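Single-structure report; data block below.
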Amino acid sequence: MREAISGQYFYINSTLKSINFFNRESNKDNVCVYEVFRVESTVALFIEDHLLRLFNSANTIGLDLWKTTSQLKFIIKTLIQANNSEDGNIRIEFKVKSNGEREFLTYFVPAHYPDKTQYDDGVLACFQEAERVNPTAKIFNAKVRGQANSIIEKEHVYETLLINHNNQITEGSRSNLFFIKDGIFYTAPDDMVLPGVIRKKVIEIINQKGWPIQFEAINKKDLYLIEAAFITGTSPRVLPIKKAGNIIFNVNHVNIKDLMQELNNLIFNYKIKSEIK
């Protein structure tokens, strides 16, 4: 199912239209490659990285996208201006229908950002036994997303942590995942997860700080050894986890606090330098 739309206008193929003409049709046989990024102060944050991931996702499944990076940047800028929106999340979607028809969409989606209490106190998570067919490609997976939404609502948690057939914790249903143990950061290998843009920035910060990091998926049975955990994503950025299942983590770990501040600094500098305004 396609996400809900917000704002006043959206792009379909090469046309800017009122959201009154937005069609929320859903077909599981469609192939849909998409990307979601955050707009802040009219700046599309880390848009170069998001578009690179979009094209990489398409290449993974052998789909040739029919718009260039320059065209996409122009469309994004036009969409932001038309909606007069300084902040929000935008979704880019390339879809090939079962009859071979191609459709391109770009639109604002409802965004839910953590509040100060969640950043300070951390959030709850639970587990979901699920694996993505193509974990490195951002392809809409209605089954995993639907299951996650049901679990989140039932268990009253912020996120589900995906468990694979080897009992390894790979990522969140809509986020990436990091653990800290004995001063070492752990995150699953790139080929096991969707390589998120914020995850990429966090890894860059960790390397710049000289902190040790291992690309290794933590086994669920070893979770009690973990000191701290956090998720990363377009909307949450860096968000501490205070409890997963019955395991409690240290949400005030000094390295998490440093990461949050360093990422905020990175975003601030990006907005100043950005050409998409």
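In the structure tokens, each chain is lettered A, B, ... as it comes, each chain's residues begin at 1, and ligands are numbered from 1 in order of appearance.
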
As an MDAnalysis selection string, please: every residue in region 11-204 of chain A that DSSP puts in alpha helix (DSSP H).
chainID A and resid 47:60 69:83 116:121 142:155 197:204

Report as number ranges by chain all protein, DNA and RNA residues lying within 10 Å of Val197 (chain A), evaluated on only C-alpha atoms, omitting residues in the same chain fewer than 2 positions from it.
A: 37, 45-50, 52-53, 176, 194-195, 199-203, 232-234, 237

Based on the selection just made, write N, CA and C atoms of those residues as a short mmCIF file (atom, residue, chain, number, x, y, z; two decimals), in the first residue's frame.
data_model
loop_
_atom_site.label_atom_id
_atom_site.label_comp_id
_atom_site.auth_asym_id
_atom_site.auth_seq_id
_atom_site.Cartn_x
_atom_site.Cartn_y
_atom_site.Cartn_z
N PHE A 37 13.29 11.03 2.07
CA PHE A 37 14.30 11.91 2.66
C PHE A 37 13.61 13.04 3.39
N LEU A 45 17.82 17.27 2.90
CA LEU A 45 19.03 16.84 3.61
C LEU A 45 19.69 15.64 2.94
N PHE A 46 20.98 15.76 2.72
CA PHE A 46 21.81 14.68 2.17
C PHE A 46 21.19 14.09 0.90
N ILE A 47 20.64 14.98 0.05
CA ILE A 47 19.91 14.50 -1.12
C ILE A 47 20.81 13.71 -2.09
N GLU A 48 22.08 14.09 -2.16
CA GLU A 48 22.99 13.36 -3.05
C GLU A 48 23.09 11.89 -2.64
N ASP A 49 23.20 11.66 -1.34
CA ASP A 49 23.29 10.28 -0.84
C ASP A 49 21.99 9.53 -1.07
N HIS A 50 20.87 10.20 -0.87
CA HIS A 50 19.58 9.54 -1.06
C HIS A 50 19.36 9.16 -2.53
N LEU A 52 21.71 8.63 -4.74
CA LEU A 52 22.64 7.55 -5.05
C LEU A 52 22.07 6.22 -4.60
N ARG A 53 21.48 6.18 -3.41
CA ARG A 53 20.89 4.94 -2.93
C ARG A 53 19.69 4.53 -3.79
N ASN A 176 17.92 1.56 10.77
CA ASN A 176 19.13 0.77 10.98
C ASN A 176 19.43 0.69 12.47
N LEU A 194 19.49 -2.64 4.64
CA LEU A 194 19.35 -1.50 3.76
C LEU A 194 20.31 -0.42 4.27
N PRO A 195 21.30 -0.03 3.47
CA PRO A 195 22.31 0.93 3.94
C PRO A 195 21.74 2.34 4.02
N ARG A 199 22.65 6.15 8.70
CA ARG A 199 23.60 5.12 9.12
C ARG A 199 24.99 5.41 8.54
N LYS A 200 25.03 5.78 7.26
CA LYS A 200 26.29 6.11 6.60
C LYS A 200 26.97 7.28 7.29
N LYS A 201 26.21 8.33 7.63
CA LYS A 201 26.78 9.50 8.30
C LYS A 201 27.28 9.15 9.70
N VAL A 202 26.54 8.30 10.40
CA VAL A 202 26.96 7.88 11.74
C VAL A 202 28.27 7.09 11.67
N ILE A 203 28.39 6.21 10.69
CA ILE A 203 29.63 5.45 10.52
C ILE A 203 30.80 6.39 10.22
N THR A 232 18.96 4.35 13.80
CA THR A 232 19.20 5.52 12.97
C THR A 232 18.22 5.50 11.81
N GLY A 233 17.84 6.68 11.34
CA GLY A 233 16.91 6.75 10.24
C GLY A 233 16.64 8.19 9.84
N THR A 234 15.96 8.36 8.73
CA THR A 234 15.66 9.69 8.21
C THR A 234 14.87 10.52 9.22
N ARG A 237 16.75 10.00 13.14
CA ARG A 237 18.18 10.34 13.19
C ARG A 237 18.93 9.37 14.09
#

Would you list the contacts of Ser6 (chain A) as a PyMOL selection string, taking every protein, DNA or RNA residue within 10 Å and counting only C-alpha atoms, but skipping same-chain residues closer than 4 positions in sequence?
chain A and resi 10+19+83+88-90+107-111

Pick from A:Leu225, A:Ile205, A:Ala244, A:Ile213 nearest to Leu162 (chain A), counting only C-alpha atoms:
A:Ala244

Within 8 Å of Val96 (chain A) using only C-alpha atoms, minus same-chain residues under 3 positions, as a list in words
Asn30, Val31, Cys32, Gly100, Glu101, Arg102 and Glu103 of chain A

Would you write out those residues with C-alpha atoms, as an mmCIF file, in the first residue's frame?
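out-v8.cif, written as the output of this step:
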data_model
loop_
_atom_site.group_PDB
_atom_site.id
_atom_site.type_symbol
_atom_site.label_atom_id
_atom_site.label_comp_id
_atom_site.auth_asym_id
_atom_site.auth_seq_id
_atom_site.Cartn_x
_atom_site.Cartn_y
_atom_site.Cartn_z
ATOM 1 C CA ASN A 30 3.871 -3.812 -9.027
ATOM 2 C CA VAL A 31 7.617 -3.302 -8.735
ATOM 3 C CA CYS A 32 8.269 -0.195 -6.681
ATOM 4 C CA GLY A 100 4.472 -2.756 -17.998
ATOM 5 C CA GLU A 101 3.232 0.802 -17.509
ATOM 6 C CA ARG A 102 5.735 3.080 -15.775
ATOM 7 C CA GLU A 103 4.825 5.671 -13.159
#

For a test of reading the model, state the distance in Å between CA of Tyr158 (chain A) and CA of His112 (chain A), rounded to one decimal.
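Rounded to one decimal, the two atoms are 11.1 Å apart.
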
Minimum-distance residue to Asn246 (chain A), chosen among A:Ala58, A:Ile180, A:Ala44, A:Cys126 (using only C-alpha atoms):
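Selected residue with least distance to Asn246 (chain A): A:Cys126.
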
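Between CA of Thr69 (chain A) and CA of Phe55 (chain A) lies a distance of 9.1 Å.
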
Computed interatomic separation between CA of Val254 (chain A) and CA of Asp190 (chain A) (Å):
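Computing it gives 25.5 Å between the two atoms.
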
Let me make sure I understand: among A:His253, A:Lys242, A:Lys221, A:Arg38, which one has the smallest atom-to-atom distance to Asn166 (chain A) if we use only C-alpha atoms?
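For Asn166 (chain A), the nearest of the given residues is A:Lys221.
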
Strand (DSSP E) per DSSP on the backbone: members of region 77-272 of chain A, as a PyMOL selection string:
chain A and resi 88-96+102-109+123-129+159-163+168-172+176-181+184-187+213-215+218-219+228-233+237-244+247-248

So that I can check the surroundings of Asn250 (chain A), please list as a ChimeraX atom specification every protein, DNA and RNA residue that reaches within 9 Å of it, counting only C-alpha atoms and ignoring chain neighbours fewer than 6 positions away.
/A:122,227-229,240-243

Show me, as a list of chain:residue names, the residues that have an atom within 9 Å of Phe104 (chain A) when counting only C-alpha atoms, minus same-chain residues fewer than 4 positions from it.
A:Tyr11, A:Ile12, A:Asn13, A:Ser14, A:Trp66, A:Lys67, A:Ile92, A:Glu93, A:Phe94, A:Lys95, A:Val96

Need the shell around Lys181 (chain A): protein/DNA/RNA residues with any atom at most 6 Å away, counting only C-alpha atoms. Skip same-chain ones fewer than 2 positions apart. Format as a compact mmCIF listing (two decimals) with all heavy atoms, in the first residue's frame?
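So the final result, stored in result-v5.txt, reads:
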# COMPACT_ATOMS: atom_id res chain seq x y z
N GLY A 183 32.88 -0.51 24.61
CA GLY A 183 33.41 0.63 23.86
C GLY A 183 33.47 0.41 22.36
O GLY A 183 33.97 1.28 21.63
N ILE A 184 32.97 -0.71 21.87
CA ILE A 184 33.00 -1.03 20.44
C ILE A 184 31.58 -0.93 19.87
O ILE A 184 30.62 -1.43 20.46
CB ILE A 184 33.55 -2.45 20.19
CG1 ILE A 184 34.96 -2.58 20.76
CG2 ILE A 184 33.54 -2.79 18.71
CD1 ILE A 184 35.51 -4.00 20.70
N ILE A 226 25.07 -6.47 25.82
CA ILE A 226 25.14 -5.14 25.19
C ILE A 226 24.90 -4.03 26.21
O ILE A 226 23.99 -4.12 27.04
CB ILE A 226 24.10 -5.05 24.05
CG1 ILE A 226 24.41 -6.08 22.97
CG2 ILE A 226 24.07 -3.65 23.47
CD1 ILE A 226 25.76 -5.92 22.31
N GLU A 227 25.72 -2.99 26.13
CA GLU A 227 25.59 -1.85 27.05
C GLU A 227 24.53 -0.86 26.59
O GLU A 227 23.73 -0.36 27.38
CB GLU A 227 26.93 -1.12 27.17
CG GLU A 227 28.09 -1.99 27.64
CD GLU A 227 29.43 -1.33 27.37
OE1 GLU A 227 29.44 -0.12 27.04
OE2 GLU A 227 30.46 -2.01 27.47

Residue nearest Lys220 (chain A) among A:Tyr270, A:Phe185, A:Phe249, A:Phe127 (counting only C-alpha atoms)
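Distance minimum relative to Lys220 (chain A) lands on A:Phe127.
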
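Proximity to Ile218 (chain A) was assessed for A:Gly146, A:Pro189, A:Pro236, A:Gly62 counting only C-alpha atoms; the smallest distance is recorded for A:Pro189.
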